[in-house]
>>> print(open('start.cif').read())   # mmCIF, C-alpha atoms
data_structure
loop_
_atom_site.label_atom_id
_atom_site.label_comp_id
_atom_site.auth_asym_id
_atom_site.auth_seq_id
_atom_site.Cartn_x
_atom_site.Cartn_y
_atom_site.Cartn_z
CA MET A 1 -29.57 54.58 67.75
CA GLU A 2 -25.91 54.37 68.81
CA PRO A 3 -25.15 54.67 72.56
CA ASP A 4 -23.39 58.04 72.07
CA GLU A 5 -26.38 59.37 70.15
CA THR A 6 -28.70 58.09 72.87
CA ARG A 7 -26.63 59.90 75.46
CA ALA A 8 -26.52 63.12 73.40
CA GLU A 9 -30.29 62.95 72.97
CA TYR A 10 -30.78 62.40 76.70
CA LEU A 11 -28.44 65.29 77.51
CA ALA A 12 -30.43 67.52 75.14
CA THR A 13 -33.96 66.51 76.13
CA GLY A 14 -33.85 64.43 79.31
CA SER A 15 -35.78 61.68 77.55
CA GLY A 16 -34.66 58.23 76.48
CA ASP A 17 -32.95 55.40 78.26
CA PRO A 18 -29.16 55.84 78.16
CA PRO A 19 -26.77 53.74 80.22
CA GLU A 20 -25.85 55.41 83.54
CA PRO A 21 -27.99 58.54 83.23
CA GLU A 22 -26.91 59.98 86.62
CA GLN A 23 -23.86 61.79 85.21
CA LEU A 24 -25.97 63.19 82.36
CA ASP A 25 -28.58 64.41 84.86
CA LEU A 26 -25.84 66.16 86.80
CA ILE A 27 -24.55 67.88 83.65
CA ARG A 28 -28.12 68.90 82.76
CA ARG A 29 -28.55 70.45 86.21
CA VAL A 30 -25.26 72.32 85.91
CA LEU A 31 -26.25 73.63 82.46
CA GLY A 32 -29.29 75.25 84.04
CA ARG A 33 -27.33 77.06 86.74
CA THR A 34 -26.65 80.81 86.51
CA GLU A 35 -22.95 80.44 87.26
CA SER A 36 -22.47 78.19 84.24
CA TRP A 37 -23.19 81.21 82.05
CA ASP A 38 -22.21 84.23 84.11
CA GLU A 39 -19.15 86.22 83.01
CA PRO A 40 -16.63 87.71 85.45
CA PRO A 41 -16.74 91.53 85.53
CA ALA A 42 -14.22 93.22 83.21
CA GLU A 43 -12.40 94.85 86.11
CA VAL A 44 -11.23 91.44 87.33
CA MET A 45 -8.88 91.05 84.38
CA GLU A 46 -7.85 94.71 84.61
CA GLY A 47 -6.93 94.24 88.27
CA LEU A 48 -5.06 91.05 87.47
CA LEU A 49 -3.03 92.70 84.70
CA SER A 50 -2.29 95.67 86.91
CA THR A 51 -1.03 93.48 89.76
CA VAL A 52 1.04 91.24 87.49
CA GLY A 53 2.49 94.25 85.68
CA ARG A 54 3.37 95.99 88.93
CA GLU A 55 4.95 92.91 90.52
CA SER A 56 6.76 91.94 87.31
CA GLY A 57 8.18 95.45 87.19
CA ALA A 58 9.31 95.22 90.80
CA SER A 59 10.95 91.90 90.04
CA ALA A 60 12.69 93.35 86.99
CA ALA A 61 13.93 96.29 89.08
CA ARG A 62 15.45 93.85 91.57
CA ASP A 63 17.27 92.17 88.70
CA ALA A 64 18.46 95.46 87.17
CA PRO A 65 22.04 95.45 85.84
CA THR A 66 24.87 97.24 87.62
CA ARG A 67 26.43 100.36 86.10
CA SER A 68 29.49 98.45 84.83
CA ARG A 69 27.30 96.14 82.74
CA ARG A 70 25.14 98.90 81.36
CA THR A 71 27.44 100.31 78.67
CA TRP A 72 27.75 97.23 76.50
CA MET A 73 24.20 96.14 77.31
CA ALA A 74 22.95 99.46 75.94
CA GLY A 75 24.54 98.63 72.59
CA VAL A 76 22.99 95.18 72.59
CA ALA A 77 19.62 96.63 73.57
CA ALA A 78 19.77 99.11 70.68
CA LEU A 79 20.51 96.29 68.24
CA VAL A 80 17.68 94.18 69.67
CA ALA A 81 15.34 97.17 69.37
CA VAL A 82 16.21 97.61 65.68
CA LEU A 83 15.68 93.89 65.01
CA ALA A 84 12.42 93.87 67.00
CA MET A 85 11.14 96.88 65.05
CA GLY A 86 11.93 95.05 61.82
CA ALA A 87 10.06 91.98 63.05
CA ILE A 88 7.04 94.07 64.05
CA VAL A 89 6.96 95.81 60.67
CA ALA A 90 7.21 92.41 58.95
CA ALA A 91 4.39 91.04 61.13
CA VAL A 92 2.15 94.00 60.34
CA GLN A 93 2.72 93.47 56.62
CA GLN A 94 1.72 89.79 56.87
CA PRO A 95 -1.90 88.69 56.58
CA ALA A 96 -3.61 88.26 59.96
CA GLY A 97 -3.54 84.46 59.71
CA THR A 98 -2.87 81.52 57.42
CA VAL A 99 -4.69 81.94 54.10
CA VAL A 100 -6.09 78.79 52.50
CA ALA A 101 -7.26 78.89 48.87
CA MET A 102 -10.64 77.18 48.37
CA ALA A 103 -11.71 75.76 45.00
CA GLY A 104 -15.17 74.65 43.88
CA THR A 105 -15.71 70.96 43.14
CA GLU A 106 -17.61 69.63 40.13
CA LEU A 107 -20.81 70.37 42.09
CA ALA A 108 -19.96 74.06 42.19
CA PRO A 109 -17.26 74.66 39.56
CA GLN A 110 -17.86 78.40 39.57
CA ALA A 111 -17.31 78.67 43.34
CA ALA A 112 -14.04 79.83 44.80
CA GLY A 113 -12.79 81.59 47.84
CA ARG A 114 -10.32 81.66 50.64
CA ALA A 115 -10.27 80.79 54.30
CA VAL A 116 -8.25 82.80 56.79
CA VAL A 117 -7.27 80.66 59.78
CA GLU A 118 -6.34 82.56 62.91
CA PRO A 119 -5.45 81.13 66.32
CA VAL A 120 -7.58 82.50 69.16
CA SER A 121 -7.55 81.66 72.84
CA THR A 122 -10.22 78.96 72.49
CA GLY A 123 -9.11 77.36 69.23
CA TRP A 124 -8.98 78.61 65.64
CA LYS A 125 -11.20 81.18 63.99
CA ILE A 126 -11.83 80.42 60.32
CA SER A 127 -13.20 83.27 58.21
CA LEU A 128 -14.57 82.29 54.79
CA ASP A 129 -14.64 84.69 51.89
CA LEU A 130 -16.58 82.87 49.13
CA THR A 131 -17.67 83.82 45.63
CA GLY A 132 -19.83 81.98 43.10
CA LEU A 133 -21.64 79.88 45.68
CA GLU A 134 -25.43 80.17 45.63
CA ALA A 135 -27.42 80.57 48.85
CA ALA A 136 -28.31 77.16 50.30
CA PRO A 137 -31.75 76.08 49.01
CA GLU A 138 -34.62 75.93 51.52
CA GLY A 139 -34.32 72.81 53.64
CA SER A 140 -30.56 72.74 53.40
CA TYR A 141 -27.55 74.55 54.74
CA TYR A 142 -23.82 74.68 54.26
CA GLU A 143 -21.46 73.19 56.78
CA GLY A 144 -17.75 73.79 57.20
CA TRP A 145 -15.44 70.93 58.11
CA VAL A 146 -11.78 70.38 58.81
CA TRP A 147 -10.27 67.01 57.91
CA SER A 148 -7.10 65.21 58.79
CA ASP A 149 -5.03 63.37 56.21
CA ASP A 150 -6.27 60.17 57.90
CA GLY A 151 -9.85 60.98 56.95
CA GLU A 152 -11.12 62.22 60.29
CA GLY A 153 -13.52 65.13 59.92
CA VAL A 154 -14.68 67.70 62.48
CA SER A 155 -17.54 70.13 61.94
CA ILE A 156 -16.62 73.79 62.35
CA GLY A 157 -20.07 75.37 61.98
CA THR A 158 -22.94 76.03 59.61
CA PHE A 159 -24.20 78.87 57.39
CA HIS A 160 -26.62 79.36 54.50
CA LEU A 161 -25.50 82.51 52.59
CA ARG A 162 -29.10 83.77 52.38
CA GLY A 163 -28.26 87.14 53.89
CA GLU A 164 -26.78 89.77 51.62
CA GLY A 165 -23.07 90.16 52.23
CA GLU A 166 -23.15 87.39 54.81
CA HIS A 167 -19.80 87.17 56.56
CA VAL A 168 -19.02 83.57 57.45
CA VAL A 169 -16.94 82.99 60.56
CA LEU A 170 -16.50 79.44 61.79
CA TRP A 171 -14.59 77.92 64.69
CA SER A 172 -12.35 74.90 65.01
CA GLY A 173 -11.27 73.28 68.24
CA VAL A 174 -8.68 71.08 66.53
CA PRO A 175 -5.32 72.27 65.18
CA PRO A 176 -5.06 72.97 61.45
CA GLY A 177 -1.64 71.35 61.48
CA SER A 178 -3.34 67.99 62.11
CA TYR A 179 -6.54 68.84 60.22
CA PRO A 180 -5.25 70.71 57.17
CA TRP A 181 -8.22 70.16 54.83
CA ILE A 182 -11.15 72.57 54.83
CA TRP A 183 -14.38 71.52 53.16
CA VAL A 184 -17.75 73.14 52.63
CA THR A 185 -20.61 70.66 52.20
CA LEU A 186 -24.30 71.07 51.44
CA GLN A 187 -26.34 69.37 54.18
CA GLY A 188 -30.02 68.52 54.35
CA GLU A 189 -31.92 69.72 57.39
CA GLY A 190 -32.99 66.76 59.47
CA ASP A 191 -30.44 64.47 57.85
CA GLY A 192 -28.40 64.16 61.02
CA PRO A 193 -24.91 65.37 61.88
CA ALA A 194 -22.91 63.17 59.49
CA VAL A 195 -21.08 64.78 56.60
CA SER A 196 -23.02 64.62 53.33
CA ASP A 197 -21.59 63.55 49.97
CA LEU A 198 -22.23 67.01 48.55
CA VAL A 199 -18.81 68.61 48.88
CA MET A 200 -18.96 72.05 47.29
CA LEU A 201 -15.49 73.50 47.99
CA LYS A 202 -12.18 72.20 49.21
CA GLY A 203 -8.89 73.70 50.28
CA ARG A 204 -5.81 72.59 52.08
CA ALA A 205 -3.58 74.53 54.47
CA GLU A 206 0.04 74.08 53.54
CA PRO A 207 2.82 74.23 56.10
CA ALA A 208 4.73 77.50 56.02
CA ALA A 209 8.05 77.38 54.25
CA GLY A 210 11.15 77.43 56.39
CA MET B 1 4.48 66.13 57.82
CA VAL B 2 2.04 68.95 58.38
CA SER B 3 1.92 69.21 62.15
CA ASP B 4 4.01 72.36 62.51
CA LEU B 5 2.15 75.08 60.63
CA GLN B 6 3.61 78.46 61.35
CA TYR B 7 1.18 81.31 61.79
CA ALA B 8 1.87 84.91 60.89
CA THR B 9 0.50 86.31 64.11
CA GLY B 10 1.01 89.75 65.53
CA PRO B 11 3.72 90.13 68.14
CA GLN B 12 1.16 90.18 70.99
CA THR B 13 -0.97 87.30 69.78
CA VAL B 14 -0.98 84.12 71.81
CA ARG B 15 -1.65 80.99 69.83
CA GLY B 16 -4.51 78.60 70.39
CA TRP B 17 -4.60 76.05 73.19
CA GLN B 18 -5.55 72.83 71.55
CA ASN B 19 -2.31 70.96 71.99
CA ARG B 20 0.12 70.55 74.85
CA LYS B 21 3.00 72.23 73.05
CA VAL B 22 1.02 75.43 72.59
CA GLU B 23 -0.34 75.26 76.13
CA ARG B 24 3.17 74.93 77.55
CA GLU B 25 4.30 77.91 75.50
CA VAL B 26 1.44 80.07 76.78
CA LEU B 27 2.00 78.96 80.36
CA GLU B 28 5.73 79.70 80.13
CA ARG B 29 4.87 83.21 79.01
CA PHE B 30 2.19 83.46 81.73
CA ARG B 31 4.83 82.57 84.29
CA SER B 32 7.07 85.40 83.09
CA GLY B 33 4.22 87.91 83.37
CA ASP B 34 3.74 88.39 79.62
CA GLU B 35 0.54 90.46 79.37
CA ALA B 36 -0.85 88.67 76.31
CA ALA B 37 -0.31 85.29 77.96
CA VAL B 38 -1.93 86.44 81.20
CA LYS B 39 -4.93 87.61 79.15
CA ALA B 40 -5.02 84.29 77.27
CA VAL B 41 -4.97 82.26 80.49
CA PHE B 42 -7.72 84.46 81.94
CA GLU B 43 -9.83 84.16 78.79
CA ARG B 44 -9.49 80.38 78.93
CA TYR B 45 -10.08 79.88 82.67
CA GLY B 46 -11.72 83.11 83.89
CA GLY B 47 -15.24 81.84 83.27
CA PRO B 48 -14.74 78.45 84.96
CA VAL B 49 -12.96 80.05 87.95
CA PHE B 50 -15.73 82.64 88.29
CA ALA B 51 -18.30 79.81 88.11
CA VAL B 52 -16.57 77.97 90.95
CA SER B 53 -16.40 81.17 93.00
CA MET B 54 -20.08 81.91 92.41
CA SER B 55 -21.04 78.35 93.31
CA ILE B 56 -19.39 78.71 96.70
CA LEU B 57 -19.90 82.39 97.53
CA ARG B 58 -23.27 83.19 95.88
CA ASP B 59 -22.29 86.84 95.54
CA ARG B 60 -20.95 88.49 92.37
CA GLY B 61 -18.74 90.98 94.20
CA LEU B 62 -17.13 88.35 96.40
CA ALA B 63 -16.86 85.95 93.46
CA ALA B 64 -15.08 88.66 91.44
CA ASP B 65 -12.63 89.18 94.34
CA ALA B 66 -12.06 85.44 94.62
CA THR B 67 -11.50 85.13 90.87
CA GLN B 68 -8.90 87.89 90.84
CA GLN B 69 -7.14 86.46 93.90
CA THR B 70 -7.12 83.01 92.29
CA PHE B 71 -5.30 84.22 89.20
CA ILE B 72 -2.84 86.30 91.19
CA LYS B 73 -2.07 83.30 93.41
CA ALA B 74 -1.72 81.09 90.34
CA TRP B 75 0.66 83.55 88.73
CA ARG B 76 2.74 83.92 91.89
CA ALA B 77 2.88 80.13 92.29
CA SER B 78 3.45 79.41 88.62
CA SER B 79 7.19 78.89 89.16
CA ILE B 80 6.37 75.70 91.08
CA TYR B 81 3.68 74.56 88.65
CA ASP B 82 4.66 71.35 86.86
CA PRO B 83 3.95 71.92 83.14
CA GLU B 84 3.45 68.16 82.67
CA ARG B 85 0.28 68.38 84.76
CA ASP B 86 -3.02 69.71 83.46
CA PHE B 87 -3.42 73.39 84.27
CA GLY B 88 -7.23 73.16 84.68
CA PRO B 89 -7.36 70.98 87.83
CA TRP B 90 -4.46 72.96 89.28
CA ILE B 91 -6.18 76.35 88.98
CA TYR B 92 -9.50 74.77 90.01
CA ALA B 93 -7.90 73.69 93.31
CA ILE B 94 -6.63 77.23 93.89
CA ALA B 95 -10.04 78.71 93.03
CA ARG B 96 -11.93 76.40 95.36
CA ARG B 97 -9.56 77.04 98.26
CA THR B 98 -9.57 80.80 97.66
CA ALA B 99 -13.38 80.98 97.58
CA ILE B 100 -13.74 78.93 100.76
CA ASP B 101 -11.13 81.08 102.53
CA LEU B 102 -12.94 84.23 101.44
CA TYR B 103 -16.26 82.82 102.61
CA ARG B 104 -14.80 82.05 106.03
CA ARG B 105 -13.26 85.49 106.28
CA GLU B 106 -16.37 87.33 105.18
CA ALA B 107 -18.72 85.29 107.30
CA ARG B 108 -16.34 85.42 110.26
CA ARG B 109 -17.05 81.78 110.79
CA GLY B 110 -14.79 78.93 111.86
CA GLU B 111 -13.85 75.56 110.50
CA ALA B 112 -16.98 73.96 111.94
CA GLU B 113 -19.13 75.95 109.51
CA LEU B 114 -17.44 74.60 106.41
CA SER B 115 -20.19 72.03 106.06
CA GLU B 116 -22.57 74.94 105.67
CA VAL B 117 -20.55 76.21 102.71
CA ALA B 118 -20.78 72.76 101.21
CA SER B 119 -24.50 72.57 101.69
CA MET B 120 -25.22 76.00 100.26
CA ALA B 121 -23.14 75.10 97.21
CA PRO B 122 -24.44 72.21 95.13
CA GLY B 123 -21.91 70.02 96.98
CA LEU B 124 -18.20 70.56 96.72
CA GLU B 125 -17.75 67.58 94.43
CA THR B 126 -20.35 69.16 92.15
CA VAL B 127 -18.41 72.42 92.08
CA TYR B 128 -15.79 70.56 90.08
CA GLU B 129 -18.45 69.61 87.55
CA VAL B 130 -19.46 73.28 87.37
CA PHE B 131 -15.85 74.15 86.54
CA GLU B 132 -15.56 71.45 83.89
CA VAL B 133 -18.94 72.12 82.28
CA ARG B 134 -18.22 75.84 82.08
CA ALA B 135 -14.78 75.17 80.59
CA ALA B 136 -16.38 72.88 77.99
CA LEU B 137 -19.09 75.45 77.15
CA ASP B 138 -16.40 78.06 76.54
CA ARG B 139 -14.86 75.78 73.91
CA LEU B 140 -18.04 75.36 71.87
CA PRO B 141 -18.64 77.42 68.72
CA ASP B 142 -20.85 80.44 69.40
CA ASP B 143 -23.85 79.11 67.50
CA GLU B 144 -23.83 75.82 69.40
CA ARG B 145 -23.31 77.45 72.79
CA GLN B 146 -26.20 79.80 72.06
CA VAL B 147 -28.60 76.91 71.40
CA ILE B 148 -27.54 75.13 74.61
CA LYS B 149 -27.99 78.31 76.63
CA LEU B 150 -31.43 79.05 75.20
CA SER B 151 -32.47 75.46 75.77
CA HIS B 152 -31.09 74.63 79.23
CA PHE B 153 -30.75 78.02 80.89
CA ALA B 154 -33.67 79.92 79.37
CA GLY B 155 -35.86 76.83 78.96
CA PHE B 156 -36.94 77.49 75.36
CA SER B 157 -38.15 74.72 73.08
CA HIS B 158 -36.51 74.11 69.70
CA VAL B 159 -39.47 75.78 67.99
CA GLU B 160 -39.09 78.87 70.18
CA ILE B 161 -35.34 78.96 69.58
CA ALA B 162 -35.88 78.75 65.80
CA THR B 163 -38.25 81.73 66.02
CA LEU B 164 -35.90 83.71 68.25
CA LEU B 165 -32.88 83.14 66.02
CA GLY B 166 -34.77 83.34 62.74
CA VAL B 167 -33.42 80.01 61.51
CA PRO B 168 -35.24 76.86 60.35
CA LEU B 169 -36.28 74.34 63.00
CA GLY B 170 -34.09 71.70 61.37
CA THR B 171 -31.06 73.94 61.80
CA VAL B 172 -31.79 74.31 65.51
CA LYS B 173 -32.22 70.55 65.88
CA SER B 174 -29.02 69.67 64.08
CA ARG B 175 -27.12 72.42 65.89
CA SER B 176 -28.47 71.16 69.22
CA HIS B 177 -27.55 67.57 68.47
CA ARG B 178 -24.06 68.55 67.38
CA ALA B 179 -23.59 70.79 70.43
CA HIS B 180 -24.64 68.12 72.92
CA ALA B 181 -22.53 65.45 71.23
CA ARG B 182 -19.52 67.76 71.32
CA LEU B 183 -20.22 68.65 74.96
CA LEU B 184 -20.33 64.96 75.89
CA GLN B 185 -17.02 64.44 74.14
CA LEU B 186 -15.42 67.36 75.97
CA LEU B 187 -16.74 66.07 79.29
CA SER B 188 -16.00 62.38 78.77
CA HIS B 189 -13.20 62.51 81.37
CA LEU B 190 -15.75 63.35 84.09
CA GLU B 191 -17.12 59.84 83.88
CA GLU B 192 -13.70 58.35 84.54
CA THR B 193 -13.39 60.09 87.90
#
>>> encode(input="start.cif", output="C-alpha cells")
Amino acid sequence: MEPDETRAEYLATGSGDPPEPEQLDLIRRVLGRTESWDEPPAEVMEGLLSTVGRESGASAARDAPTRSRRTWMAGVAALVAVLAMGAIVAAVQQPAGTVVAMAGTELAPQAAGRAVVEPVSTGWKISLDLTGLEAAPEGSYYEGWVWSDDGEGVSIGTFHLRGEGEHVVLWSGVPPGSYPWIWVTLQGEGDGPAVSDLVMLKGRAEPAAG
Amino acid sequence: MVSDLQYATGPQTVRGWQNRKVEREVLERFRSGDEAAVKAVFERYGGPVFAVSMSILRDRGLAADATQQTFIKAWRASSIYDPERDFGPWIYAIARRTAIDLYRREARRGEAELSEVASMAPGLETVYEVFEVRAALDRLPDDERQVIKLSHFAGFSHVEIATLLGVPLGTVKSRSHRAHARLLQLLSHLEET
C-alpha cells in the first residue's frame, strides 16, 4: 500500500501504521467535533449584508457628485443603463453555464448527452443530462471525471442511474479551463479509486469564442 | 490554450474560487461592497469562521455575533488587505481575535484569564486546525462530505452508512476512501507548519 493510501486509510479508520500519525489523529479529533459541522445561523449573513449595504451607501453618499457635474453625468448614466439592460437581457437569454456535448464511446455507442458546467462558490457544478446509457449493473457504478490535456484526471463524483429520472449533479474543485475533458467511466465496486478502462462517454469544453 | 474559458453567468453570479485570478476578482468586488461578492466570501469562509468562534466561545449566540463582527471587520479592513496573501489565514486571524475579545467582554474578565479561554478551547493552535479542516470539508462534494460526517461525527460504520443511504457497501467504501484522500490533499499544508 502506498504511503498516501496508508495515511488515507488511517484517517478513515484510525488503524494501520502511517508515518507521523499525530497530525492524522488531530484531524480525526477535529472531524468529530460539533463545530466542524455546525452552520452559522442565516441571520448572520443577513446582518452582514445589511451593514455592508448601509455603510456602502453612506460612503457613496459622501462621494456624491456636485450639481455642476450632474447634468452630463445624467446623460452618461442613461446610456450606461441602456447598455446594462442589453447586457442583462443577453445574459438571461444565454444558457446558465458552459454546455459540453458528450458522446458515447465504442462501449456505449448509443449513449449521448450534455454537461452543463456552472461556477459556484466552492468550485464548479456539473449537471449531466444523459440518454442511451443503461443503469450501472449491480456491483458497479458510474464515475464522472475531469481531465487535463496533460492526462491528469480528477474524480467529480459517482452515480448509477438506477433511479427513474435520476438527475446527475457532480462537483469539480478544479477549473474546467485547465481540465477541459469530461469523462464518464464504469467502475467496479471494491476496485479502488483509480479510473477504470471502461470509458463510456467523453466530451470536451471548448473555450468561448472572442 | 484553454485556460481562459468564459462563462455565461448571470450578472449577479460570482465565479468559482479555485484559482488566484478568480479569487482576486471576488475579493476586489468584496472590497467594494458588491453584494454577490460579500455573499460568496461568506459562503466560502462563514463555516470556518463560525467553527473558530464556536471553538473559543462555546455558545451559538455569541459565536454568531463573533462571526458577523469578523466579516464586518474584514470588509472594513479590506482596503489594506494585500491580495497577494492568502485570504484564509487573514480572516482566521480576525476571527480568532474577535472571538477572544468577545469572550473577555462577555465574561468581564481580564488578560490573566486568557489562559482559561485557551484551555476551554482545544488549544488555540488547534483552533487553526478547526478552521482549516472545516474549510476543507466545505470543498468536498456533497456525497463525500456526507460519508465523512456519518462516519466521524455520527460514528456509523460503513455497513450502517450503506443502509442509511440505500447504496451498496462498496460504494460507501470507495466514497470514503476518495473523501479521505481528497481531505488529506486539501490539508497537506497543515503538515508544513
>>> resolve_selection(input="start.cif", expression="the PyMOL selection byres ((chain B and resi 134) around 9)", output="ChimeraX atom specification")
/A:30-31,35-37 /B:47-49,51,129-133,135-139
>>> residues_around(input="start.cif", residues="His177 (chain B)", least_positions_apart="4", cutoff="9 Å", atoms="only C-alpha atoms", output="ChimeraX atom specification")
/A:5,8-9,12,192-193 /B:172-173,181-182
>>> resolve_selection(input="start.cif", expression="the PyMOL selection byres ((chain A and resi 26) around 12)", output="list in words")
Tyr10, Leu11, Gly14, Glu20, Pro21, Glu22, Gln23, Leu24, Asp25, Ile27, Arg28, Arg29, Val30, Leu31, Gly32 and Arg33 of chain A; Pro122, Gly123, Glu125, Thr126, Val127, Tyr128, Glu129, Val130, Glu132, Val133, Leu187, Leu190 and Glu191 of chain B
>>> residues_around(input="start.cif", residues="region 102-117 of chain A", least_positions_apart="4", cutoff="12 Å", atoms="all atoms listed in the file", output="PyMOL selection string")
(chain A and resi 95-98+123-135+144-146+156+167-177+179-186+197-206) or (chain B and resi 5-9+15-16)
>>> atom_distance(input="start.cif", atom1="CA of Gln146 (chain B)", atom2="CA of Ser155 (chain A)")
16.5 Å
>>> residues_around(input="start.cif", residues="region 41-52 of chain A", least_positions_apart="5", cutoff="7 Å", atoms="all atoms listed in the file", output="PDB file with C-alpha atoms, keeping the file's coordinate frame")
ATOM      1  CA  GLY B  33       4.220  87.910  83.370  1.00  0.00           C
ATOM      2  CA  GLU B  35       0.540  90.460  79.370  1.00  0.00           C
ATOM      3  CA  ALA B  64     -15.080  88.660  91.440  1.00  0.00           C
ATOM      4  CA  GLN B  68      -8.900  87.890  90.840  1.00  0.00           C
ATOM      5  CA  ILE B  72      -2.840  86.300  91.190  1.00  0.00           C
TER       6      ILE B  72
END
>>> closest_residue(input="start.cif", among="B:Phe156, B:Phe50, B:Tyr103, B:Tyr45", to="chain A", atoms="only C-alpha atoms")
B:Phe50
>>> closest_residue(input="start.cif", among="A:Gly163, A:Asp38, A:Ala136, A:Asp17", to="chain B", atoms="only C-alpha atoms")
A:Asp38
>>> closest_residue(input="start.cif", among="B:Leu183, B:Leu164, B:Ile56, B:Ile80", to="Ile148 (chain B)", atoms="all atoms listed in the file")
B:Leu183
>>> build_atoms(input="start.cif", residues="region 147-161 of chain B", atoms="N, CA and C atoms", output="PDB file, in the coordinates of the input")
ATOM      1  N   VAL B 147     -27.447  77.821  71.371  1.00  0.00           N
ATOM      2  CA  VAL B 147     -28.600  76.910  71.400  1.00  0.00           C
ATOM      3  C   VAL B 147     -28.681  76.204  72.759  1.00  0.00           C
ATOM      4  N   ILE B 148     -27.534  75.802  73.291  1.00  0.00           N
ATOM      5  CA  ILE B 148     -27.540  75.130  74.610  1.00  0.00           C
ATOM      6  C   ILE B 148     -28.024  76.095  75.691  1.00  0.00           C
ATOM      7  N   LYS B 149     -27.577  77.340  75.613  1.00  0.00           N
ATOM      8  CA  LYS B 149     -27.990  78.310  76.630  1.00  0.00           C
ATOM      9  C   LYS B 149     -29.501  78.559  76.562  1.00  0.00           C
ATOM     10  N   LEU B 150     -29.994  78.770  75.355  1.00  0.00           N
ATOM     11  CA  LEU B 150     -31.430  79.050  75.200  1.00  0.00           C
ATOM     12  C   LEU B 150     -32.264  77.840  75.641  1.00  0.00           C
ATOM     13  N   SER B 151     -31.736  76.663  75.434  1.00  0.00           N
ATOM     14  CA  SER B 151     -32.470  75.460  75.770  1.00  0.00           C
ATOM     15  C   SER B 151     -32.422  75.157  77.267  1.00  0.00           C
ATOM     16  N   HIS B 152     -31.230  75.073  77.837  1.00  0.00           N
ATOM     17  CA  HIS B 152     -31.090  74.630  79.230  1.00  0.00           C
ATOM     18  C   HIS B 152     -31.267  75.770  80.229  1.00  0.00           C
ATOM     19  N   PHE B 153     -30.723  76.928  79.915  1.00  0.00           N
ATOM     20  CA  PHE B 153     -30.750  78.020  80.890  1.00  0.00           C
ATOM     21  C   PHE B 153     -32.058  78.816  80.782  1.00  0.00           C
ATOM     22  N   ALA B 154     -32.452  79.141  79.555  1.00  0.00           N
ATOM     23  CA  ALA B 154     -33.670  79.920  79.370  1.00  0.00           C
ATOM     24  C   ALA B 154     -34.910  79.039  79.263  1.00  0.00           C
ATOM     25  N   GLY B 155     -34.718  77.760  78.980  1.00  0.00           N
ATOM     26  CA  GLY B 155     -35.860  76.830  78.960  1.00  0.00           C
ATOM     27  C   GLY B 155     -36.712  76.905  77.706  1.00  0.00           C
ATOM     28  N   PHE B 156     -36.158  77.395  76.600  1.00  0.00           N
ATOM     29  CA  PHE B 156     -36.940  77.490  75.360  1.00  0.00           C
ATOM     30  C   PHE B 156     -36.967  76.145  74.639  1.00  0.00           C
ATOM     31  N   SER B 157     -38.053  75.915  73.924  1.00  0.00           N
ATOM     32  CA  SER B 157     -38.150  74.720  73.080  1.00  0.00           C
ATOM     33  C   SER B 157     -37.393  74.989  71.766  1.00  0.00           C
ATOM     34  N   HIS B 158     -37.182  73.937  70.992  1.00  0.00           N
ATOM     35  CA  HIS B 158     -36.510  74.110  69.700  1.00  0.00           C
ATOM     36  C   HIS B 158     -37.314  75.047  68.784  1.00  0.00           C
ATOM     37  N   VAL B 159     -38.627  74.919  68.829  1.00  0.00           N
ATOM     38  CA  VAL B 159     -39.470  75.780  67.990  1.00  0.00           C
ATOM     39  C   VAL B 159     -39.275  77.247  68.389  1.00  0.00           C
ATOM     40  N   GLU B 160     -39.268  77.492  69.689  1.00  0.00           N
ATOM     41  CA  GLU B 160     -39.090  78.870  70.180  1.00  0.00           C
ATOM     42  C   GLU B 160     -37.694  79.399  69.816  1.00  0.00           C
ATOM     43  N   ILE B 161     -36.698  78.533  69.913  1.00  0.00           N
ATOM     44  CA  ILE B 161     -35.340  78.960  69.580  1.00  0.00           C
ATOM     45  C   ILE B 161     -35.247  79.307  68.082  1.00  0.00           C
TER      46      ILE B 161
END
